[in-house]
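Here is the file input04.txt (compact mmCIF, C-alpha atoms).
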# COMPACT_ATOMS: atom_id res chain seq x y z
CA MET A 1 6.66 -24.48 6.57
CA ASN A 2 3.08 -25.62 6.99
CA GLU A 3 0.34 -23.68 8.75
CA SER A 4 0.60 -25.61 12.00
CA THR A 5 4.27 -24.69 12.43
CA ALA A 6 3.94 -20.97 11.63
CA PRO A 7 5.95 -18.82 14.06
CA ALA A 8 4.40 -16.99 16.96
CA PRO A 9 3.91 -13.26 16.31
CA ILE A 10 6.86 -10.96 17.03
CA PRO A 11 6.15 -7.26 17.77
CA GLU A 12 7.07 -5.05 14.85
CA ASN A 13 10.01 -3.19 16.38
CA ALA A 14 11.25 -5.98 18.60
CA THR A 15 14.71 -7.44 18.13
CA PRO A 16 14.25 -11.18 17.56
CA SER A 17 15.28 -13.13 20.64
CA ASP A 18 16.90 -15.61 18.28
CA ALA A 19 20.08 -13.79 17.26
CA ARG A 20 20.68 -15.90 14.18
CA PRO A 21 20.57 -14.20 10.75
CA LEU A 22 17.13 -13.91 9.18
CA SER A 23 18.20 -16.43 6.55
CA GLU A 24 18.46 -19.08 9.29
CA ARG A 25 15.27 -18.15 11.17
CA VAL A 26 12.67 -18.10 8.42
CA GLY A 27 12.48 -21.83 7.78
CA ALA A 28 12.02 -21.38 4.05
CA PRO A 29 11.36 -24.51 2.00
CA GLU A 30 14.23 -25.80 -0.11
CA THR A 31 12.04 -25.46 -3.18
CA VAL A 32 8.65 -23.85 -3.73
CA ASP A 33 6.23 -26.17 -5.47
CA GLU A 34 4.43 -24.62 -8.40
CA ILE A 35 0.73 -23.85 -7.98
CA GLN A 36 -1.61 -26.65 -8.95
CA HIS A 37 -5.39 -26.74 -9.01
CA PRO A 38 -7.70 -29.00 -11.01
CA ASP A 39 -9.74 -26.07 -12.35
CA VAL A 40 -6.71 -24.10 -13.59
CA ALA A 41 -4.97 -25.54 -16.64
CA THR A 42 -1.77 -23.48 -16.71
CA TRP A 43 0.35 -21.48 -14.29
CA ARG A 44 3.30 -19.41 -15.50
CA PRO A 45 5.15 -16.16 -14.75
CA ALA A 46 3.63 -12.89 -15.97
CA THR A 47 5.01 -11.11 -19.03
CA ARG A 48 4.38 -7.64 -20.37
CA ALA A 49 2.26 -9.19 -23.12
CA ASP A 50 -0.21 -10.22 -20.38
CA LEU A 51 -0.74 -6.67 -19.13
CA ASP A 52 -4.17 -6.05 -20.67
CA GLU A 53 -5.54 -9.31 -19.27
CA MET A 54 -3.99 -8.59 -15.88
CA VAL A 55 -5.58 -5.13 -15.76
CA ALA A 56 -8.96 -6.67 -16.65
CA LEU A 57 -8.63 -9.25 -13.86
CA VAL A 58 -7.66 -6.59 -11.32
CA ASP A 59 -10.66 -4.48 -12.38
CA SER A 60 -13.06 -7.43 -11.94
CA CYS A 61 -11.69 -8.10 -8.45
CA ASP A 62 -11.72 -4.41 -7.47
CA ARG A 63 -15.41 -4.04 -8.25
CA VAL A 64 -16.21 -6.78 -5.73
CA ASP A 65 -13.51 -6.34 -3.09
CA HIS A 66 -13.51 -2.53 -2.79
CA PRO A 67 -16.17 -1.13 -5.13
CA THR A 68 -15.45 2.55 -4.39
CA TRP A 69 -12.02 2.63 -6.04
CA LEU A 70 -10.20 0.99 -8.94
CA THR A 71 -6.53 0.18 -9.36
CA PRO A 72 -4.84 2.39 -12.00
CA ARG A 73 -3.28 0.59 -14.95
CA GLU A 74 0.13 2.02 -14.09
CA ASP A 75 0.02 0.34 -10.68
CA VAL A 76 -0.33 -3.05 -12.40
CA GLU A 77 2.30 -2.17 -14.99
CA GLU A 78 4.93 -1.40 -12.35
CA ILE A 79 5.46 -5.15 -12.00
CA PHE A 80 7.46 -4.90 -15.22
CA GLU A 81 9.14 -1.57 -14.54
CA LEU A 82 10.54 -1.49 -10.99
CA SER A 83 14.05 -2.85 -10.61
CA HIS A 84 13.35 -4.77 -7.39
CA ILE A 85 10.52 -6.85 -8.95
CA ASP A 86 11.43 -9.93 -10.99
CA PRO A 87 8.27 -11.18 -12.75
CA GLU A 88 9.91 -14.54 -13.46
CA LEU A 89 10.46 -15.16 -9.75
CA HIS A 90 7.75 -13.07 -8.12
CA THR A 91 4.60 -13.68 -10.23
CA ARG A 92 2.38 -16.48 -11.46
CA LEU A 93 -0.69 -16.27 -13.70
CA GLY A 94 -3.36 -18.98 -13.72
CA PHE A 95 -5.27 -19.67 -16.94
CA ALA A 96 -8.36 -21.81 -17.47
CA ALA A 97 -8.43 -24.41 -20.24
CA ASP A 98 -10.05 -21.88 -22.60
CA GLY A 99 -7.24 -19.36 -21.98
CA GLU A 100 -9.11 -17.07 -19.56
CA LEU A 101 -6.91 -15.48 -16.90
CA VAL A 102 -8.59 -16.46 -13.64
CA ALA A 103 -5.95 -15.85 -10.96
CA MET A 104 -2.72 -14.04 -10.20
CA ALA A 105 -0.14 -14.79 -7.53
CA GLY A 106 2.52 -12.26 -6.69
CA ILE A 107 4.83 -10.91 -4.03
CA LEU A 108 6.41 -7.50 -3.63
CA VAL A 109 9.72 -7.28 -1.78
CA HIS A 110 10.21 -3.85 -0.25
CA PRO A 111 13.44 -2.34 -1.65
CA SER A 112 14.49 -0.76 1.69
CA GLN A 113 16.10 -3.45 3.82
CA ASP A 114 18.37 -1.63 6.26
CA LYS A 115 16.08 -1.99 9.32
CA GLN A 116 13.42 -4.57 8.45
CA VAL A 117 12.77 -6.90 5.53
CA TYR A 118 9.17 -6.79 4.33
CA VAL A 119 7.41 -8.88 1.68
CA TYR A 120 3.80 -8.31 0.60
CA CYS A 121 1.40 -10.90 -0.86
CA THR A 122 -0.56 -9.36 -3.74
CA GLY A 123 -2.49 -12.20 -5.40
CA MET A 124 -6.14 -12.42 -6.39
CA VAL A 125 -8.73 -14.76 -7.88
CA HIS A 126 -11.49 -13.69 -10.27
CA PRO A 127 -14.80 -13.47 -8.36
CA ARG A 128 -16.42 -16.08 -10.63
CA TRP A 129 -13.65 -18.55 -9.77
CA ARG A 130 -13.62 -18.15 -6.01
CA ARG A 131 -14.66 -20.69 -3.36
CA ARG A 132 -12.87 -23.51 -5.21
CA GLY A 133 -9.66 -23.51 -3.19
CA ILE A 134 -7.65 -21.57 -5.78
CA GLY A 135 -6.95 -18.76 -3.31
CA THR A 136 -5.50 -21.23 -0.81
CA GLN A 137 -3.00 -22.44 -3.39
CA VAL A 138 -2.18 -18.88 -4.48
CA LEU A 139 -1.42 -17.79 -0.92
CA ARG A 140 0.59 -20.97 -0.26
CA TRP A 141 2.86 -20.17 -3.21
CA GLU A 142 3.12 -16.50 -2.23
CA TYR A 143 3.94 -17.28 1.39
CA GLU A 144 6.62 -19.83 0.56
CA THR A 145 8.09 -17.59 -2.14
CA ALA A 146 8.14 -14.73 0.38
CA GLN A 147 9.96 -16.98 2.82
CA THR A 148 12.64 -17.72 0.22
CA GLU A 149 13.08 -13.97 -0.34
CA LEU A 150 13.43 -13.33 3.39
CA ALA A 151 15.94 -16.17 3.55
CA ARG A 152 18.22 -14.26 1.16
CA THR A 153 18.99 -11.87 4.02
CA ASP A 154 21.97 -12.82 6.16
CA ALA A 155 21.62 -9.79 8.42
CA ARG A 156 20.17 -10.11 11.93
CA LEU A 157 17.07 -8.12 11.05
CA PRO A 158 13.36 -8.64 11.72
CA GLY A 159 11.38 -9.90 8.73
CA ALA A 160 7.68 -9.95 7.94
CA ILE A 161 5.16 -11.18 5.37
CA PHE A 162 2.03 -9.04 4.91
CA LEU A 163 -1.45 -9.77 3.56
CA HIS A 164 -4.13 -7.05 3.41
CA ALA A 165 -7.89 -7.61 3.29
CA TYR A 166 -11.03 -5.54 3.75
CA GLU A 167 -13.09 -6.06 6.88
CA HIS A 168 -16.03 -7.51 4.94
CA ASP A 169 -13.83 -10.02 3.05
CA ALA A 170 -14.24 -12.97 5.38
CA GLU A 171 -12.69 -15.41 2.89
CA ALA A 172 -9.42 -13.49 2.55
CA ARG A 173 -9.20 -13.03 6.30
CA ALA A 174 -9.75 -16.75 6.81
CA LEU A 175 -7.00 -17.55 4.30
CA GLY A 176 -4.57 -15.41 6.26
CA ALA A 177 -5.58 -16.98 9.56
CA ARG A 178 -5.09 -20.50 8.21
CA ARG A 179 -1.67 -19.51 6.92
CA GLY A 180 -0.65 -18.37 10.41
CA MET A 181 -0.87 -14.62 9.76
CA PRO A 182 -2.68 -12.93 12.67
CA GLU A 183 -4.63 -9.71 12.16
CA GLU A 184 -2.28 -7.06 13.48
CA ARG A 185 -3.34 -3.56 12.38
CA TRP A 186 -6.47 -1.83 11.10
CA PHE A 187 -6.76 1.04 8.63
CA THR A 188 -9.84 3.20 8.09
CA THR A 189 -10.96 4.85 4.86
CA MET A 190 -12.39 8.31 5.51
CA LEU A 191 -14.37 10.61 3.21
CA ARG A 192 -14.77 14.40 3.24
CA ASP A 193 -17.56 16.23 1.43
CA LEU A 194 -16.14 19.43 -0.05
CA SER A 195 -19.52 21.14 -0.03
CA ASP A 196 -19.17 21.41 3.73
CA PRO A 197 -17.28 24.48 5.00
CA ILE A 198 -13.51 24.11 5.11
CA PRO A 199 -11.95 25.76 8.18
CA GLU A 200 -9.06 28.18 7.82
CA VAL A 201 -6.06 26.91 9.75
CA PRO A 202 -3.19 29.41 9.85
CA LEU A 203 0.42 28.37 10.08
CA ASP A 204 2.29 28.65 13.37
CA ALA A 205 2.44 32.40 14.07
CA GLY A 206 5.65 31.88 16.03
CA SER A 207 7.48 30.70 12.90
CA PRO A 208 7.26 33.46 10.29
CA ALA A 209 9.55 31.58 7.90
CA LEU A 210 6.96 28.83 7.42
CA ARG A 211 4.88 28.96 4.24
CA ILE A 212 2.57 26.68 2.28
CA GLU A 213 3.63 25.98 -1.30
CA THR A 214 2.02 24.13 -4.19
CA PHE A 215 4.02 20.98 -4.84
CA GLY A 216 6.38 21.27 -7.81
CA PRO A 217 9.57 19.72 -9.22
CA GLN A 218 11.72 21.90 -6.96
CA TRP A 219 10.24 20.14 -3.90
CA ARG A 220 10.43 16.54 -5.14
CA ASP A 221 13.52 15.26 -3.35
CA ALA A 222 13.03 17.46 -0.29
CA THR A 223 9.54 16.01 0.10
CA ARG A 224 10.85 12.46 -0.17
CA VAL A 225 13.35 13.21 2.60
CA ALA A 226 10.56 14.71 4.71
CA ARG A 227 8.29 11.73 4.03
CA ASN A 228 10.94 9.29 5.20
CA ASP A 229 11.51 11.25 8.40
CA ALA A 230 7.80 11.74 9.10
CA PHE A 231 6.98 8.05 8.74
CA ARG A 232 10.03 6.62 10.46
CA ASP A 233 8.03 5.86 13.61
CA HIS A 234 4.85 4.70 11.82
CA TRP A 235 3.76 1.08 11.84
CA GLY A 236 4.81 -0.90 8.79
CA SER A 237 6.66 1.98 7.15
CA LEU A 238 10.09 1.76 5.58
CA GLU A 239 11.99 4.43 3.66
CA THR A 240 10.83 5.19 0.12
CA PRO A 241 13.86 5.02 -2.20
CA PRO A 242 14.29 7.45 -5.15
CA GLU A 243 13.08 4.99 -7.81
CA ARG A 244 9.70 4.36 -6.18
CA TRP A 245 9.32 8.03 -5.24
CA GLU A 246 9.94 9.24 -8.79
CA ARG A 247 7.41 6.78 -10.13
CA PHE A 248 4.84 8.09 -7.64
CA VAL A 249 5.31 11.82 -8.24
CA SER A 250 5.71 11.35 -12.00
CA GLY A 251 2.67 9.12 -12.36
CA SER A 252 -0.39 10.07 -14.37
CA GLN A 253 -2.57 10.05 -11.24
CA PHE A 254 -0.40 12.44 -9.20
CA ARG A 255 -1.72 16.03 -8.99
CA ASP A 256 0.91 18.68 -8.34
CA ASP A 257 -1.76 21.38 -8.52
CA LEU A 258 -3.74 19.90 -5.60
CA SER A 259 -0.76 18.83 -3.49
CA ARG A 260 0.67 21.12 -0.83
CA VAL A 261 3.88 21.26 1.22
CA VAL A 262 4.87 23.36 4.22
CA VAL A 263 8.33 24.81 3.75
CA ASP A 264 10.80 26.32 6.20
CA GLY A 265 13.53 27.91 4.09
CA GLY A 266 14.53 25.18 1.64
CA ARG A 267 13.30 22.34 3.84
CA VAL A 268 9.94 20.60 3.45
CA VAL A 269 8.55 19.99 6.92
CA ALA A 270 4.99 18.84 6.16
CA MET A 271 3.10 17.53 3.13
CA ALA A 272 -0.34 16.58 1.85
CA LEU A 273 -0.06 14.96 -1.58
CA ALA A 274 -3.02 14.14 -3.80
CA THR A 275 -3.81 11.76 -6.63
CA VAL A 276 -6.85 11.66 -8.89
CA ASN A 277 -8.06 8.55 -10.69
CA GLU A 278 -10.98 9.58 -12.87
CA ASP A 279 -11.91 5.92 -13.37
CA ASP A 280 -12.95 5.90 -9.69
CA TRP A 281 -15.63 8.47 -10.35
CA GLU A 282 -17.78 5.96 -12.26
CA VAL A 283 -17.99 3.55 -9.32
CA GLN A 284 -18.15 6.26 -6.66
CA GLY A 285 -20.86 8.35 -8.27
CA TYR A 286 -18.98 11.57 -7.52
CA THR A 287 -15.71 13.29 -8.44
CA SER A 288 -12.92 12.96 -5.94
CA ALA A 289 -9.26 13.21 -5.05
CA TYR A 290 -7.31 10.84 -2.83
CA VAL A 291 -4.86 12.08 -0.22
CA ALA A 292 -2.08 9.57 -0.82
CA LEU A 293 0.34 10.98 1.73
CA ILE A 294 0.10 13.24 4.78
CA GLY A 295 3.01 13.76 7.13
CA VAL A 296 4.92 16.15 9.37
CA VAL A 297 8.62 15.71 10.14
CA ARG A 298 9.17 14.71 13.73
CA ASP A 299 10.85 17.88 14.99
CA TYR A 300 7.95 20.03 13.72
CA ARG A 301 5.08 18.07 15.24
CA GLY A 302 2.72 19.75 17.66
CA ARG A 303 2.61 23.02 15.67
CA ARG A 304 -0.66 22.37 13.80
CA LEU A 305 1.08 21.96 10.47
CA ALA A 306 -0.97 18.89 9.58
CA PRO A 307 -4.39 20.60 9.73
CA ALA A 308 -2.95 23.64 7.92
CA VAL A 309 -1.58 21.64 4.99
CA ILE A 310 -4.63 19.34 4.80
CA THR A 311 -7.10 22.22 4.67
CA ALA A 312 -4.95 23.85 1.98
CA LEU A 313 -5.31 20.67 -0.08
CA LEU A 314 -9.06 20.50 0.59
CA THR A 315 -9.47 24.09 -0.57
CA ALA A 316 -7.48 23.39 -3.74
CA ALA A 317 -9.61 20.32 -4.50
CA ARG A 318 -12.83 22.26 -3.94
CA ASP A 319 -11.61 25.10 -6.15
CA ALA A 320 -10.76 22.56 -8.85
CA GLY A 321 -14.43 21.53 -8.91
CA LEU A 322 -14.07 18.17 -7.14
CA GLU A 323 -16.84 17.00 -4.85
CA LYS A 324 -15.10 14.85 -2.23
CA VAL A 325 -11.69 13.85 -0.87
CA ASN A 326 -10.81 10.53 0.71
CA LEU A 327 -7.84 9.06 2.55
CA ASP A 328 -6.76 6.04 4.56
CA VAL A 329 -5.46 6.23 8.12
CA ASP A 330 -3.85 3.87 10.60
CA THR A 331 -6.35 3.55 13.45
CA GLU A 332 -3.47 3.49 15.95
CA SER A 333 -1.33 6.20 14.38
CA PRO A 334 1.18 7.63 16.88
CA THR A 335 0.26 11.14 15.73
CA GLY A 336 -3.46 10.75 16.44
CA ALA A 337 -4.19 11.33 12.77
CA ASN A 338 -7.58 9.58 12.74
CA SER A 339 -8.91 11.96 15.41
CA LEU A 340 -7.51 14.95 13.51
CA TYR A 341 -9.24 13.93 10.30
CA GLY A 342 -12.53 13.53 12.13
CA ARG A 343 -12.23 17.08 13.45
CA LEU A 344 -11.61 18.28 9.88
CA GLY A 345 -14.88 16.75 8.65
CA PHE A 346 -13.76 13.34 7.39
CA GLU A 347 -16.08 10.43 8.12
CA ALA A 348 -15.14 6.75 8.32
CA THR A 349 -16.51 4.55 5.52
CA ASP A 350 -14.58 1.26 5.41
CA ARG A 351 -11.82 -0.66 7.16
CA GLU A 352 -8.89 -2.78 6.00
CA VAL A 353 -6.80 -5.15 8.09
CA ALA A 354 -3.15 -6.09 7.78
CA MET A 355 -2.34 -9.71 8.59
CA VAL A 356 1.32 -10.30 9.36
CA ALA A 357 3.67 -13.21 9.93
CA ARG A 358 6.84 -12.03 11.68
CA PHE A 359 10.21 -13.70 11.97

Output the structure of this file as structure tokens.
Amino acid sequence: MNESTAPAPIPENATPSDARPLSERVGAPETVDEIQHPDVATWRPATRADLDEMVALVDSCDRVDHPTWLTPREDVEEIFELSHIDPELHTRLGFAADGELVAMAGILVHPSQDKQVYVYCTGMVHPRWRRRGIGTQVLRWEYETAQTELARTDARLPGAIFLHAYEHDAEARALGARRGMPEERWFTTMLRDLSDPIPEVPLDAGSPALRIETFGPQWRDATRVARNDAFRDHWGSLETPPERWERFVSGSQFRDDLSRVVVDGGRVVAMALATVNEDDWEVQGYTSAYVALIGVVRDYRGRRLAPAVITALLTAARDAGLEKVNLDVDTESPTGANSLYGRLGFEATDREVAMVARF
């Protein structure tokens, strides 16, 4: 499918008016042509032996595209470790004639496909090699490869291809627009200085069984269940399966000691989970934690559990000697989360947009 015949946007939760299976609606090409560009000598799938070079490329792009945080090595390595990623099919690396890795193309197919089928474009081009048209070819390959993945689904489900870019990245946003991926949703990065007073927010006095606990192994699966319930009505969210969840909570960046859950008996009903990437501190100029996940299960909303569990995390981070905490929030969250974070002392710093082609 070329850019001029890209489908009109379909609302996220809408049932496609065309009742055919997704495999018949996507219009995937019969074959995906390999990436070609005169400045790039070789394109091939990624292998584990390429990991060091891939991490170096990601770092170079990070420092230009979002200079206040860096991608952990383990996030790059998961390409070779998650069962739903096939590097042979889902990745391409572009090398210059002298062997330098100058570009990566990749897609990530979300493993949960019972309600929607989502594919994410994850490619990048080294900053020194941009503005040559390489990114256009990378996104073309990603988009067509994503279409072929969507076309594997015979169910009558909505499908979508996602591309994320920061507000200031006009080139990436233009690439998405030319590919027929309208800007659909905005996300704001917010920062909280821990030297400012942290309010005390008590738990719901009408529910004496509620308590705040430090996250630990005993809460792992219960928190995953709570996460999936809490985010079921959030834009772009699908269930997190056990494999991805275990990788997250077992990762080197995850901080049990800073993370907090609200528990009612043996059930987790709210969570605020933190990660720390010390490599970020160099580019930020301060020590920090990142709130990777905040949520309240739907039947416990409206009881001020979110501010209680967030302030518990903030207090833990401050007591651990960290200077700031940051997070990302959907600007149109159905829970009004962005307003809540503002009331808790978080300030907006940057914005990211999701561009989406829906089928």

inquiry  = Calculated over all atoms listed in the file, which of the candidates A:Gly236, A:Gly336, A:Gly176, A:Gly285 has the smallest distance to Met355 of chain A?
reply    = A:Gly176

Would you kindly return, as a tab-separated table (two decimals) with C-alpha atoms, in the frame of the given file, each protein, DNA or RNA residue with an atom no farther than 12 Å from any atom of Leu93 of chain A, considering all atoms listed in the file and excluding same-chain residues fewer than 4 positions away?
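Written file, out-v2.tsv:
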chain	number	residue	atom	x	y	z
A	34	GLU	CA	4.43	-24.62	-8.40
A	35	ILE	CA	0.73	-23.85	-7.98
A	36	GLN	CA	-1.61	-26.65	-8.95
A	40	VAL	CA	-6.71	-24.10	-13.59
A	41	ALA	CA	-4.97	-25.54	-16.64
A	42	THR	CA	-1.77	-23.48	-16.71
A	43	TRP	CA	0.35	-21.48	-14.29
A	44	ARG	CA	3.30	-19.41	-15.50
A	45	PRO	CA	5.15	-16.16	-14.75
A	46	ALA	CA	3.63	-12.89	-15.97
A	47	THR	CA	5.01	-11.11	-19.03
A	50	ASP	CA	-0.21	-10.22	-20.38
A	51	LEU	CA	-0.74	-6.67	-19.13
A	53	GLU	CA	-5.54	-9.31	-19.27
A	54	MET	CA	-3.99	-8.59	-15.88
A	57	LEU	CA	-8.63	-9.25	-13.86
A	87	PRO	CA	8.27	-11.18	-12.75
A	88	GLU	CA	9.91	-14.54	-13.46
A	89	LEU	CA	10.46	-15.16	-9.75
A	99	GLY	CA	-7.24	-19.36	-21.98
A	100	GLU	CA	-9.11	-17.07	-19.56
A	101	LEU	CA	-6.91	-15.48	-16.90
A	102	VAL	CA	-8.59	-16.46	-13.64
A	103	ALA	CA	-5.95	-15.85	-10.96
A	104	MET	CA	-2.72	-14.04	-10.20
A	105	ALA	CA	-0.14	-14.79	-7.53
A	106	GLY	CA	2.52	-12.26	-6.69
A	123	GLY	CA	-2.49	-12.20	-5.40
A	124	MET	CA	-6.14	-12.42	-6.39
A	125	VAL	CA	-8.73	-14.76	-7.88
A	126	HIS	CA	-11.49	-13.69	-10.27
A	134	ILE	CA	-7.65	-21.57	-5.78
A	138	VAL	CA	-2.18	-18.88	-4.48
A	141	TRP	CA	2.86	-20.17	-3.21

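Going from atom CA of Ala337 of chain A over to atom CA of Glu184 of chain A, you cover 18.5 Å.
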
With only C-alpha atoms counted and 10 Å as the cut-off, give the residues of segment 241-316 of chain A in contact with segment 187-206 of chain A, each with its shortest interatomic distance in Å and the pair that gives it, as CSV.
residue,atom,partner,partner_atom,distance
A:Val262,CA,A:Leu203,CA,8.9
A:Ser288,CA,A:Asp193,CA,9.3
A:Tyr290,CA,A:Leu191,CA,9.3
A:Gly302,CA,A:Asp204,CA,9.9
A:Arg303,CA,A:Asp204,CA,6.1
A:Arg304,CA,A:Asp204,CA,7.0
A:Leu305,CA,A:Leu203,CA,6.5
A:Ala306,CA,A:Val201,CA,9.5
A:Pro307,CA,A:Val201,CA,6.5
A:Ala308,CA,A:Val201,CA,4.9
A:Val309,CA,A:Val201,CA,8.4
A:Ile310,CA,A:Val201,CA,9.2
A:Thr311,CA,A:Ile198,CA,6.7
A:Ala312,CA,A:Glu200,CA,8.4
A:Leu314,CA,A:Leu194,CA,7.2
A:Thr315,CA,A:Ile198,CA,7.0

note = One residue among A:His110, A:Arg63, A:His84, A:Arg132 is nearest to Ile161 of chain A when using all atoms listed in the file, and that residue is A:His110

note = Nearest to Leu238 of chain A, restricted to all atoms listed in the file and choosing among A:Tyr118, A:Val64, A:Pro38, A:Arg48, comes out as A:Tyr118

query = Between A:Gln284, A:Thr71, A:Asn326, A:Ser23, which has the minimum distance to Asp154 of chain A (counting all atoms listed in the file)?
reply =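 Smallest distance to Asp154 of chain A is found for A:Ser23.
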
message = From the options A:Ala97, A:Val329, A:Val109, A:Val268, which residue's atoms come nearest to Leu150 of chain A, counting all atoms listed in the file?
response =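 The shortest atom-to-atom distance to Leu150 of chain A comes from A:Val109.
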